[in-house]
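File shown: my_file37.cif. Contents: mmCIF, C-alpha atoms.
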data_coords
loop_
_atom_site.label_atom_id
_atom_site.label_comp_id
_atom_site.auth_asym_id
_atom_site.auth_seq_id
_atom_site.Cartn_x
_atom_site.Cartn_y
_atom_site.Cartn_z
CA MET Z 29 -14.67 12.75 -1.55
CA ILE Z 30 -17.75 10.53 -1.25
CA VAL Z 31 -18.95 11.72 -4.66
CA LEU Z 32 -15.48 11.11 -6.08
CA ILE Z 33 -15.49 7.54 -4.73
CA GLY Z 34 -18.87 6.96 -6.36
CA VAL Z 35 -17.60 8.32 -9.68
CA LEU Z 36 -14.52 6.12 -9.50
CA LEU Z 37 -16.64 3.07 -8.74
CA GLY Z 38 -18.81 3.78 -11.77
CA THR Z 39 -15.73 4.39 -13.91
CA PHE Z 40 -14.17 1.15 -12.77
CA PHE Z 41 -17.22 -0.94 -13.64
CA PHE Z 42 -17.53 0.79 -17.01
CA PHE Z 43 -13.97 -0.07 -17.99
CA TRP Z 44 -14.33 -3.57 -16.55
CA CYS Z 45 -17.38 -4.13 -18.77
CA ILE Z 46 -15.75 -2.81 -21.94
CA SER Z 47 -12.67 -4.93 -21.22
CA LYS Z 48 -14.95 -7.96 -21.69
CA LEU Z 49 -15.51 -6.70 -25.21
CA HIS Z 50 -11.74 -6.66 -25.72
CA VAL Z 51 -11.63 -2.89 -26.15
CA PRO Z 52 -7.93 -2.00 -26.37
CA PHE Z 53 -6.22 0.09 -23.66
CA SER Z 54 -9.15 -0.14 -21.21
CA SER Z 55 -6.86 -0.91 -18.27
CA GLN Z 56 -4.51 1.92 -19.24
CA PHE Z 57 -7.38 4.40 -19.38
CA ILE Z 58 -8.62 3.64 -15.89
CA ILE Z 59 -5.09 3.93 -14.47
CA LEU Z 60 -4.71 7.25 -16.30
CA ILE Z 61 -7.88 8.53 -14.63
CA MET Z 62 -6.62 7.38 -11.22
CA ILE Z 63 -3.29 9.13 -11.86
CA LEU Z 64 -5.03 12.38 -12.82
CA ILE Z 65 -7.30 12.32 -9.77
CA MET Z 66 -4.44 11.75 -7.35
CA GLY Z 67 -1.89 13.87 -9.23
CA LEU Z 68 -4.09 16.94 -9.58
CA ARG Z 69 -5.35 16.92 -5.99
CA TYR Z 70 -5.00 20.12 -4.01
CA ASN Z 71 -4.64 20.12 -0.22
CA VAL Z 72 -5.80 16.51 -0.06
CA GLY Z 73 -3.87 14.28 2.33
CA ARG Z 74 -2.53 14.76 5.85
CA ASP Z 75 1.00 15.56 4.73
CA TYR Z 76 0.10 17.73 1.74
CA PRO Z 77 1.04 21.03 3.46
CA THR Z 78 4.35 19.53 4.62
CA TYR Z 79 5.35 18.46 1.11
CA GLU Z 80 4.25 21.83 -0.23
CA THR Z 81 6.63 23.44 2.28
CA ILE Z 82 9.43 21.04 1.32
CA TYR Z 83 9.06 22.06 -2.32
CA ASN Z 84 8.64 25.81 -1.78
CA GLU Z 85 11.17 26.25 1.05
CA PRO Z 86 14.26 24.12 0.24
CA PHE Z 87 16.12 25.23 3.38
CA SER Z 88 13.27 24.61 5.81
CA TYR Z 89 13.49 21.95 8.51
CA PRO Z 90 11.07 19.55 6.72
CA ALA Z 91 13.15 19.82 3.52
CA MET Z 92 16.35 19.01 5.38
CA ALA Z 93 14.72 15.94 6.96
CA VAL Z 94 13.86 14.11 3.72
CA GLU Z 95 16.12 11.94 1.57
CA PRO Z 96 18.56 14.00 -0.57
CA ILE Z 97 17.04 12.73 -3.84
CA TRP Z 98 13.85 14.68 -3.17
CA ASN Z 99 15.64 18.01 -2.80
CA PHE Z 100 17.65 17.24 -5.94
CA ILE Z 101 14.47 16.56 -7.91
CA ASN Z 102 12.71 19.60 -6.46
CA ASP Z 103 15.68 21.83 -7.34
CA ILE Z 104 15.47 20.72 -10.98
CA LEU Z 105 11.71 21.21 -11.12
CA ARG Z 106 11.91 24.67 -9.55
CA TYR Z 107 14.71 25.61 -11.97
CA ILE Z 108 12.47 24.67 -14.91
CA GLY Z 109 9.75 26.88 -13.44
CA PHE Z 110 7.28 24.37 -12.03
CA LYS Z 111 5.18 25.11 -8.97
CA SER Z 112 4.69 22.59 -6.17
CA GLN Z 113 1.77 20.86 -7.90
CA ILE Z 114 4.21 19.09 -10.21
CA PHE Z 115 5.63 17.25 -7.17
CA PHE Z 116 2.27 15.68 -6.38
CA PHE Z 117 1.61 14.85 -10.02
CA LEU Z 118 4.96 13.13 -10.58
CA THR Z 119 4.85 11.16 -7.32
CA SER Z 120 1.32 10.00 -8.14
CA LEU Z 121 2.44 9.05 -11.64
CA VAL Z 122 5.30 6.89 -10.33
CA THR Z 123 3.15 5.35 -7.59
CA LEU Z 124 0.22 4.39 -9.81
CA ILE Z 125 2.38 3.09 -12.65
CA GLY Z 126 4.36 1.01 -10.15
CA PHE Z 127 1.26 -0.63 -8.70
CA TYR Z 128 -0.29 -1.03 -12.16
CA ARG Z 129 2.78 -2.85 -13.48
CA GLY Z 130 3.00 -4.98 -10.34
CA ILE Z 131 -0.64 -6.04 -10.61
CA LYS Z 132 -0.20 -6.80 -14.31
CA LYS Z 133 2.80 -9.02 -13.62
CA MET Z 134 1.61 -10.83 -10.49
CA SER Z 135 -2.19 -11.02 -10.44
CA PRO Z 136 -4.19 -13.80 -12.11
CA CYS Z 137 -7.09 -11.36 -12.46
CA PHE Z 138 -6.15 -7.75 -13.15
CA TYR Z 139 -9.54 -6.12 -12.53
CA THR Z 140 -10.17 -8.01 -9.30
CA SER Z 141 -6.82 -6.84 -7.96
CA LEU Z 142 -7.31 -3.30 -9.20
CA PHE Z 143 -10.72 -3.11 -7.55
CA LEU Z 144 -9.21 -4.34 -4.27
CA PHE Z 145 -6.45 -1.75 -4.66
CA PHE Z 146 -9.18 0.89 -4.81
CA VAL Z 147 -11.70 -0.22 -2.16
CA SER Z 148 -9.10 -1.39 0.39
CA GLY Z 149 -7.89 2.20 0.73
CA VAL Z 150 -4.39 1.48 -0.61
CA TYR Z 151 -5.02 3.90 -3.48
CA PHE Z 152 -6.32 6.75 -1.29
CA GLU Z 153 -3.60 6.32 1.34
CA SER Z 154 -1.06 7.31 -1.35
CA SER Z 155 -2.22 10.91 -0.82
CA ASN Z 156 -1.06 10.75 2.81
CA ILE Z 157 2.27 8.93 2.76
CA VAL Z 158 3.84 10.25 -0.43
CA ARG Z 159 7.53 9.35 -0.20
CA GLN Z 160 6.95 5.92 1.29
CA TYR Z 161 4.37 5.15 -1.39
CA VAL Z 162 6.88 5.88 -4.13
CA ALA Z 163 9.26 3.37 -2.51
CA MET Z 164 6.40 0.89 -1.97
CA SER Z 165 5.33 1.08 -5.60
CA LEU Z 166 8.87 0.42 -6.83
CA LEU Z 167 9.20 -2.67 -4.62
CA PHE Z 168 5.74 -3.83 -5.64
CA CYS Z 169 6.53 -3.35 -9.33
CA GLY Z 170 9.74 -5.34 -9.04
CA PHE Z 171 8.40 -8.09 -6.78
CA SER Z 172 7.84 -10.44 -9.72
CA ASP Z 173 11.65 -10.54 -10.04
CA PHE Z 174 11.80 -11.57 -6.38
CA LEU Z 175 9.23 -14.31 -7.01
CA ASN Z 176 11.22 -15.54 -10.01
CA LYS Z 177 14.47 -15.52 -8.01
CA LYS Z 178 16.05 -12.82 -10.15
CA TRP Z 179 17.92 -11.58 -7.13
CA LEU Z 180 20.14 -9.00 -8.82
CA HIS Z 181 17.19 -7.47 -10.62
CA TYR Z 182 15.23 -7.19 -7.39
CA LEU Z 183 18.27 -5.79 -5.59
CA ALA Z 184 18.27 -2.98 -8.12
CA TRP Z 185 14.60 -2.25 -7.29
CA VAL Z 186 15.46 -2.25 -3.56
CA LEU Z 187 18.37 0.16 -3.98
CA VAL Z 188 16.32 2.60 -6.05
CA ALA Z 189 13.41 2.40 -3.59
CA ALA Z 190 15.76 3.02 -0.64
CA ILE Z 191 16.96 6.22 -2.29
CA PHE Z 192 13.40 7.54 -2.11
CA HIS Z 193 12.60 6.33 1.43
CA ALA Z 194 15.09 5.10 3.99
CA SER Z 195 12.57 2.78 5.66
CA VAL Z 196 13.18 0.29 2.85
CA ILE Z 197 16.39 -0.69 4.65
CA LEU Z 198 14.33 -1.82 7.66
CA ILE Z 199 11.86 -3.96 5.74
CA VAL Z 200 14.21 -5.79 3.36
CA PRO Z 201 15.16 -8.42 6.00
CA LEU Z 202 11.45 -9.00 6.62
CA ILE Z 203 10.82 -9.45 2.90
CA LEU Z 204 13.49 -12.15 2.87
CA LEU Z 205 11.57 -13.97 5.62
CA SER Z 206 8.67 -14.44 3.20
CA THR Z 207 10.66 -16.88 1.07
CA TYR Z 208 10.49 -19.68 3.66
CA HIS Z 209 7.61 -22.15 3.50
CA TYR Z 210 6.48 -21.98 7.12
CA SER Z 211 4.23 -24.47 8.82
CA LYS Z 212 0.72 -23.11 9.26
CA TRP Z 213 1.14 -23.66 13.00
CA VAL Z 214 4.30 -21.55 13.16
CA ILE Z 215 3.05 -18.54 11.24
CA GLY Z 216 -0.43 -18.95 12.74
CA GLY Z 217 1.04 -18.96 16.24
CA ILE Z 218 3.09 -15.82 15.57
CA TRP Z 219 0.00 -14.11 14.18
CA ILE Z 220 -2.09 -15.02 17.25
CA ILE Z 221 0.62 -13.73 19.60
CA SER Z 222 0.79 -10.45 17.66
CA PHE Z 223 -3.00 -10.08 17.84
CA ILE Z 224 -3.33 -10.84 21.56
CA MET Z 225 -0.04 -9.44 22.89
CA GLY Z 226 0.99 -6.87 20.29
CA ASN Z 227 1.36 -4.05 22.83
CA VAL Z 228 3.47 -6.23 25.13
CA VAL Z 229 5.79 -7.17 22.27
CA LEU Z 230 6.10 -3.52 21.20
CA ASN Z 231 6.96 -2.35 24.71
CA TYR Z 232 9.55 -5.10 25.07
CA LEU Z 233 11.20 -4.14 21.78
CA ILE Z 234 11.31 -0.45 22.68
CA VAL Z 235 12.69 -1.00 26.19
CA HIS Z 236 15.35 -3.57 25.26
CA PHE Z 237 16.26 -2.82 21.64
CA PHE Z 238 15.03 0.62 20.53
CA PRO Z 239 14.99 2.94 23.56
CA PHE Z 240 15.59 5.93 21.27
CA LEU Z 241 12.00 5.55 20.04
CA TYR Z 242 10.84 7.18 23.25
CA ASP Z 243 12.11 10.43 21.77
CA VAL Z 244 9.92 10.38 18.66
CA GLY Z 245 6.65 10.95 20.44
CA SER Z 246 6.33 14.39 18.86
CA TYR Z 247 6.06 12.73 15.46
CA GLN Z 248 3.12 10.54 16.42
CA TYR Z 249 -0.41 11.30 15.32
CA LYS Z 250 -3.58 10.84 17.30
CA VAL Z 251 -5.31 7.53 16.73
CA ASP Z 252 -8.42 9.34 15.52
CA ASP Z 253 -6.43 11.03 12.74
CA PHE Z 254 -6.16 7.78 10.82
CA ASP Z 255 -8.28 5.21 9.04
CA SER Z 256 -11.88 4.86 10.04
CA GLY Z 257 -12.12 1.98 12.46
CA ILE Z 258 -8.68 2.54 14.00
CA SER Z 259 -9.90 4.10 17.23
CA SER Z 260 -12.68 1.56 17.69
CA GLY Z 261 -10.48 -1.37 16.73
CA MET Z 262 -12.96 -2.56 14.08
CA LEU Z 263 -10.52 -2.12 11.22
CA ARG Z 264 -7.87 -4.09 13.11
CA LEU Z 265 -10.41 -6.84 13.75
CA PHE Z 266 -11.33 -6.97 10.05
CA TYR Z 267 -7.68 -7.13 9.00
CA ASN Z 268 -7.13 -10.05 11.34
CA ILE Z 269 -10.23 -11.83 10.05
CA LEU Z 270 -8.64 -11.56 6.60
CA ALA Z 271 -5.40 -12.99 8.01
CA LEU Z 272 -7.34 -15.93 9.49
CA LEU Z 273 -9.06 -16.43 6.14
CA MET Z 274 -5.68 -16.53 4.37
CA LEU Z 275 -4.38 -19.13 6.84
CA ILE Z 276 -7.47 -21.30 6.45
CA LEU Z 277 -7.44 -21.13 2.66
CA TYR Z 278 -3.73 -21.81 2.40
CA SER Z 279 -3.99 -24.87 4.65
CA LYS Z 280 -7.05 -26.08 2.72
CA TYR Z 281 -5.69 -25.74 -0.80
CA SER Z 282 -2.45 -27.28 -1.97
CA PHE Z 283 -0.43 -24.90 -4.14
CA VAL Z 284 2.59 -25.99 -6.12
CA ASP Z 285 3.43 -22.47 -7.21
CA ARG Z 286 6.04 -20.91 -4.92
CA LYS Z 287 4.68 -17.41 -5.39
CA VAL Z 288 1.43 -18.26 -3.60
CA TYR Z 289 3.04 -18.94 -0.23
CA VAL Z 290 5.50 -16.05 -0.67
CA LEU Z 291 2.66 -13.60 -1.38
CA THR Z 292 0.65 -15.07 1.50
CA ASN Z 293 3.62 -14.63 3.83
CA MET Z 294 4.00 -11.02 2.72
CA PHE Z 295 0.41 -10.21 3.58
CA LEU Z 296 0.58 -12.02 6.93
CA LEU Z 297 3.82 -10.22 7.81
CA GLY Z 298 1.99 -6.96 7.19
CA ILE Z 299 -0.80 -7.92 9.58
CA ILE Z 300 1.70 -9.01 12.25
CA ILE Z 301 3.53 -5.66 11.98
CA TYR Z 302 0.17 -3.87 12.13
CA ASN Z 303 -0.80 -5.72 15.31
CA VAL Z 304 2.53 -5.15 17.07
CA CYS Z 305 2.88 -1.49 16.08
CA TYR Z 306 -0.81 -0.64 16.30
CA ILE Z 307 -0.41 2.19 18.82
CA PHE Z 308 2.90 3.47 17.43
CA MET Z 309 2.19 5.23 14.15
CA PRO Z 310 5.75 5.82 12.84
CA ALA Z 311 6.40 2.07 12.95
CA ARG Z 312 2.88 1.00 11.99
CA ARG Z 313 3.34 2.62 8.60
CA LEU Z 314 5.79 -0.17 7.77
CA TYR Z 315 2.90 -2.62 7.44
CA LEU Z 316 1.93 -0.87 4.23
CA TYR Z 317 4.97 -2.37 2.51
CA PHE Z 318 3.29 -5.78 2.95
CA PHE Z 319 -0.47 -5.26 3.15
CA PRO Z 320 -0.98 -4.44 -0.58
CA TYR Z 321 0.07 -7.97 -1.53
CA LEU Z 322 -3.44 -8.96 -0.44
CA ILE Z 323 -4.72 -7.55 -3.72
CA VAL Z 324 -2.72 -10.05 -5.77
CA ILE Z 325 -2.90 -13.12 -3.49
CA LEU Z 326 -6.67 -13.07 -2.89
CA PRO Z 327 -7.54 -13.73 -6.57
CA TYR Z 328 -5.41 -16.91 -6.45
CA TYR Z 329 -7.57 -18.25 -3.64
CA LEU Z 330 -10.81 -17.06 -5.19
CA LYS Z 331 -10.07 -19.12 -8.31
CA ARG Z 332 -10.44 -22.26 -6.15
CA PHE Z 333 -14.01 -21.34 -5.22
CA GLU Z 334 -17.15 -22.19 -7.16
CA LYS Z 335 -18.41 -19.22 -9.16
CA VAL Z 336 -21.25 -18.34 -6.77
CA SER Z 337 -19.06 -18.71 -3.67
CA ARG Z 338 -16.38 -16.62 -5.33
CA TRP Z 339 -18.79 -13.74 -5.83
CA VAL Z 340 -20.13 -14.01 -2.28
CA VAL Z 341 -16.68 -13.94 -0.69
CA MET Z 342 -15.37 -11.18 -2.94
CA SER Z 343 -18.50 -9.05 -2.52
CA SER Z 344 -18.44 -9.43 1.27
CA ILE Z 345 -14.79 -8.44 1.58
CA CYS Z 346 -15.17 -5.48 -0.77
CA ALA Z 347 -18.36 -4.32 0.96
CA VAL Z 348 -16.58 -4.12 4.33
CA PHE Z 349 -13.58 -2.37 2.78
CA LEU Z 350 -15.89 0.08 1.05
CA ALA Z 351 -17.75 0.82 4.29
CA PHE Z 352 -14.49 1.75 6.02
CA LEU Z 353 -13.39 3.77 2.97
CA LEU Z 354 -16.63 5.77 2.85
CA LYS Z 355 -16.62 6.42 6.60
CA SER Z 356 -13.02 7.64 6.57
CA ASN Z 357 -13.79 10.10 3.77
CA ILE Z 358 -17.03 11.57 5.10
CA GLY Z 359 -16.69 15.33 5.28
CA LEU Z 360 -13.44 15.45 3.32
CA GLN Z 361 -13.33 17.70 0.29
CA TYR Z 362 -11.52 17.05 -2.97
CA ASP Z 363 -10.09 20.03 -4.85
CA CYS Z 364 -7.85 19.95 -7.89
CA ASN Z 365 -5.10 22.26 -9.11
CA LEU Z 366 -4.10 22.60 -12.76
CA ASN Z 367 -1.62 25.38 -12.13
CA PHE Z 368 1.79 23.80 -12.79
CA PHE Z 369 3.61 27.05 -13.67
#

Let's see the structure in the file written out as structure tokens.
Amino acid sequence: MIVLIGVLLGTFFFFWCISKLHVPFSSQFIILIMILIMGLRYNVGRDYPTYETIYNEPFSYPAMAVEPIWNFINDILRYIGFKSQIFFFLTSLVTLIGFYRGIKKMSPCFYTSLFLFFVSGVYFESSNIVRQYVAMSLLFCGFSDFLNKKWLHYLAWVLVAAIFHASVILIVPLILLSTYHYSKWVIGGIWIISFIMGNVVLNYLIVHFFPFLYDVGSYQYKVDDFDSGISSGMLRLFYNILALLMLILYSKYSFVDRKVYVLTNMFLLGIIIYNVCYIFMPARRLYLYFFPYLIVILPYYLKRFEKVSRWVVMSSICAVFLAFLLKSNIGLQYDCNLNFF
């Protein structure tokens, strides 16, 4: 995987350079490569064997536990004669196109956002949380409608996303919270409480509101099974440094554009969820619905920096992200499978 990351980094910079020469379809080519890498993977990702079972054994327990749309799609694909690899290819296709279209529509700098999408680990995590990532990509793709107050259009995106992953129903109310222009003291205070007392808040919620969550312990993973830096707390610290940076920059710069504070709120909501649900993996996954908005909001802030400062800040953030990405992929092997039939 380390070699693959190096190849992707080189590929990214190559297409970024030729885009400066106005070579047509450069952005489409790099997304195509990313689709092929993720779509042709074999036994890459924590849940890969589970989804392989869901496809190959339609009456197994894992298959009965997913949303009905997945079994319907799998039935059609099996009827045509496809093997399970088509499932991973199609889900990767939808996921990458969704994020690509979302970045195109929302980011002031496509290649900056795409690079953040890559080094922040959002791209690689799509191999682990397949169904949720399909739903995430649909919401991300349609979020420009939300920003432009095209409520019915965005509702359509929400309904389609919910068909693919039921957790969408839980996060929609939180998305609506992002529309309010909060005081920096209010959202900053909530963030600080989540960082310092996240475990206390989580325990209170479970005891008083969601006691049934005690019963899902068998579905939890070990802390060490996840992103590099999780067990040590370093990744959490870095995420919260980014949240502090967003709060400082937003209070420093005056933005007229509504989408800036909405996108900022989305990212901060993700960090708050991450802090509160840090030790409870099934709930912590919900932060991923919000965290990727960092890749489109950060370029807005970077545009306010002088050119040299912009490069220093961007390089520093990406270097830390890349360090975590490399560490989390040490020893992992990438194999591909071209056998669709």

**Message:** Between Z:Arg69, Z:Arg332, Z:His181, Z:Arg129, which residue has the minimum interatomic distance to Z:Phe152, considering only C-alpha atoms?
**Reply:**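 Among the listed residues, Z:Arg69 lies closest to Z:Phe152.
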
**Prompt:** Could you state the separation of atom CA of Z:Val196 and atom CA of Z:Leu166 in Å, given to one decimal place?
**Reply:** 10.6 Å

**Asked** Applied to the shown file, which residues does the PyMOL selection byres ((chain Z and resi 96) around 12) return, written as a VMD selection string?
**Response** chain Z and resid 82 86 90 to 95 97 to 103 159 190 to 194

**Proximity to Z:Asn176 - best of Z:Met262, Z:Met134, Z:Cys346, Z:Ala271, only C-alpha atoms** = Z:Met134

**Message:** Which residue is closest to Z:Ile358? Choose from Z:Met29, Z:Gly170, Z:Phe295, Z:Tyr89 and count all atoms listed in the file.
**Reply:**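 Closest candidate: Z:Met29.
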
**Request:** Starting from the displayed file, determine the output of the PyMOL selection byres ((chain Z and resi 121) around 10) and express the residue list as a list of chain:residue names.
**Result:**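 Written out, the selection comes to Z:Ile59, Z:Leu60, Z:Met62, Z:Ile63, Z:Leu64, Z:Met66, Z:Gly67, Z:Phe115, Z:Phe116, Z:Phe117, Z:Leu118, Z:Thr119, Z:Ser120, Z:Val122, Z:Thr123, Z:Leu124, Z:Ile125, Z:Gly126, Z:Val162.
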
**Fill in**
Closest of Z:Arg106, Z:Lys133, Z:Lys48, Z:Lys177 to Z:Arg286, counting only C-alpha atoms, is Z:Lys177

**Request:** Report as an NGL selection string the full result of the PyMOL selection byres ((chain Z and resi 205-207) around 6) when it is applied to this structure.
**Result:** :Z and (202-204 or 208 or 290 or 293-294)

Keeping C-alpha atoms for every residue in the selection just given, could you write it to a file as an mmCIF file, keeping the file's coordinate frame?
data_model
loop_
_atom_site.group_PDB
_atom_site.id
_atom_site.type_symbol
_atom_site.label_atom_id
_atom_site.label_comp_id
_atom_site.auth_asym_id
_atom_site.auth_seq_id
_atom_site.Cartn_x
_atom_site.Cartn_y
_atom_site.Cartn_z
ATOM 1 C CA LEU Z 202 11.450 -9.000 6.620
ATOM 2 C CA ILE Z 203 10.820 -9.450 2.900
ATOM 3 C CA LEU Z 204 13.490 -12.150 2.870
ATOM 4 C CA TYR Z 208 10.490 -19.680 3.660
ATOM 5 C CA VAL Z 290 5.500 -16.050 -0.670
ATOM 6 C CA ASN Z 293 3.620 -14.630 3.830
ATOM 7 C CA MET Z 294 4.000 -11.020 2.720
#

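Atom CA of Z:Phe146 to atom CA of Z:Ala351 spans 12.5 Å [interatomic distance, one decimal].
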
Please rebuild stretch 65-84 of chain Z with N, CA, C and O atoms and give the result as a short mmCIF file (atom, residue, chain, number, x, y, z; two decimals), keeping the file's coordinate frame.
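Result file out_1.cif:
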data_model
loop_
_atom_site.label_atom_id
_atom_site.label_comp_id
_atom_site.auth_asym_id
_atom_site.auth_seq_id
_atom_site.Cartn_x
_atom_site.Cartn_y
_atom_site.Cartn_z
N ILE Z 65 -6.58 11.97 -10.99
CA ILE Z 65 -7.30 12.32 -9.77
C ILE Z 65 -6.33 12.54 -8.62
O ILE Z 65 -6.43 13.52 -7.87
N MET Z 66 -5.38 11.64 -8.46
CA MET Z 66 -4.44 11.75 -7.35
C MET Z 66 -3.37 12.81 -7.63
O MET Z 66 -2.94 13.53 -6.72
N GLY Z 67 -2.96 12.94 -8.88
CA GLY Z 67 -1.89 13.87 -9.23
C GLY Z 67 -2.31 15.32 -9.26
O GLY Z 67 -1.47 16.21 -9.09
N LEU Z 68 -3.60 15.56 -9.50
CA LEU Z 68 -4.09 16.94 -9.58
C LEU Z 68 -4.77 17.40 -8.29
O LEU Z 68 -5.35 18.48 -8.25
N ARG Z 69 -4.70 16.55 -7.25
CA ARG Z 69 -5.35 16.92 -5.99
C ARG Z 69 -4.71 18.18 -5.41
O ARG Z 69 -3.53 18.43 -5.61
N TYR Z 70 -5.52 18.93 -4.68
CA TYR Z 70 -5.00 20.12 -4.01
C TYR Z 70 -5.41 20.09 -2.54
O TYR Z 70 -6.59 20.01 -2.21
N ASN Z 71 -4.42 20.12 -1.67
CA ASN Z 71 -4.64 20.12 -0.22
C ASN Z 71 -5.44 18.89 0.22
O ASN Z 71 -6.28 18.97 1.13
N VAL Z 72 -5.18 17.79 -0.42
CA VAL Z 72 -5.80 16.51 -0.06
C VAL Z 72 -4.70 15.60 0.48
O VAL Z 72 -3.72 15.34 -0.20
N GLY Z 73 -4.88 15.13 1.70
CA GLY Z 73 -3.87 14.28 2.33
C GLY Z 73 -3.28 14.96 3.55
O GLY Z 73 -3.04 16.18 3.54
N ARG Z 74 -3.01 14.18 4.59
CA ARG Z 74 -2.53 14.76 5.85
C ARG Z 74 -1.21 15.50 5.69
O ARG Z 74 -0.97 16.51 6.34
N ASP Z 75 -0.33 14.97 4.86
CA ASP Z 75 1.00 15.56 4.73
C ASP Z 75 1.15 16.50 3.54
O ASP Z 75 2.26 16.91 3.21
N TYR Z 76 0.02 16.84 2.91
CA TYR Z 76 0.10 17.73 1.74
C TYR Z 76 0.78 19.06 2.07
O TYR Z 76 1.71 19.47 1.35
N PRO Z 77 0.38 19.75 3.15
CA PRO Z 77 1.04 21.03 3.46
C PRO Z 77 2.54 20.87 3.72
O PRO Z 77 3.33 21.75 3.36
N THR Z 78 2.93 19.75 4.33
CA THR Z 78 4.35 19.53 4.62
C THR Z 78 5.15 19.40 3.33
O THR Z 78 6.22 20.01 3.19
N TYR Z 79 4.63 18.63 2.37
CA TYR Z 79 5.35 18.46 1.11
C TYR Z 79 5.33 19.73 0.27
O TYR Z 79 6.27 19.99 -0.49
N GLU Z 80 4.30 20.53 0.44
CA GLU Z 80 4.25 21.83 -0.23
C GLU Z 80 5.36 22.73 0.33
O GLU Z 80 6.04 23.44 -0.43
N THR Z 81 5.55 22.68 1.64
CA THR Z 81 6.63 23.44 2.28
C THR Z 81 7.99 22.94 1.82
O THR Z 81 8.91 23.74 1.55
N ILE Z 82 8.16 21.63 1.75
CA ILE Z 82 9.43 21.04 1.32
C ILE Z 82 9.80 21.53 -0.07
O ILE Z 82 10.96 21.85 -0.35
N TYR Z 83 8.80 21.62 -0.94
CA TYR Z 83 9.06 22.06 -2.32
C TYR Z 83 9.35 23.56 -2.37
O TYR Z 83 10.29 24.00 -3.04
N ASN Z 84 8.54 24.36 -1.67
CA ASN Z 84 8.64 25.81 -1.78
C ASN Z 84 9.75 26.42 -0.93
O ASN Z 84 10.25 27.50 -1.23
#
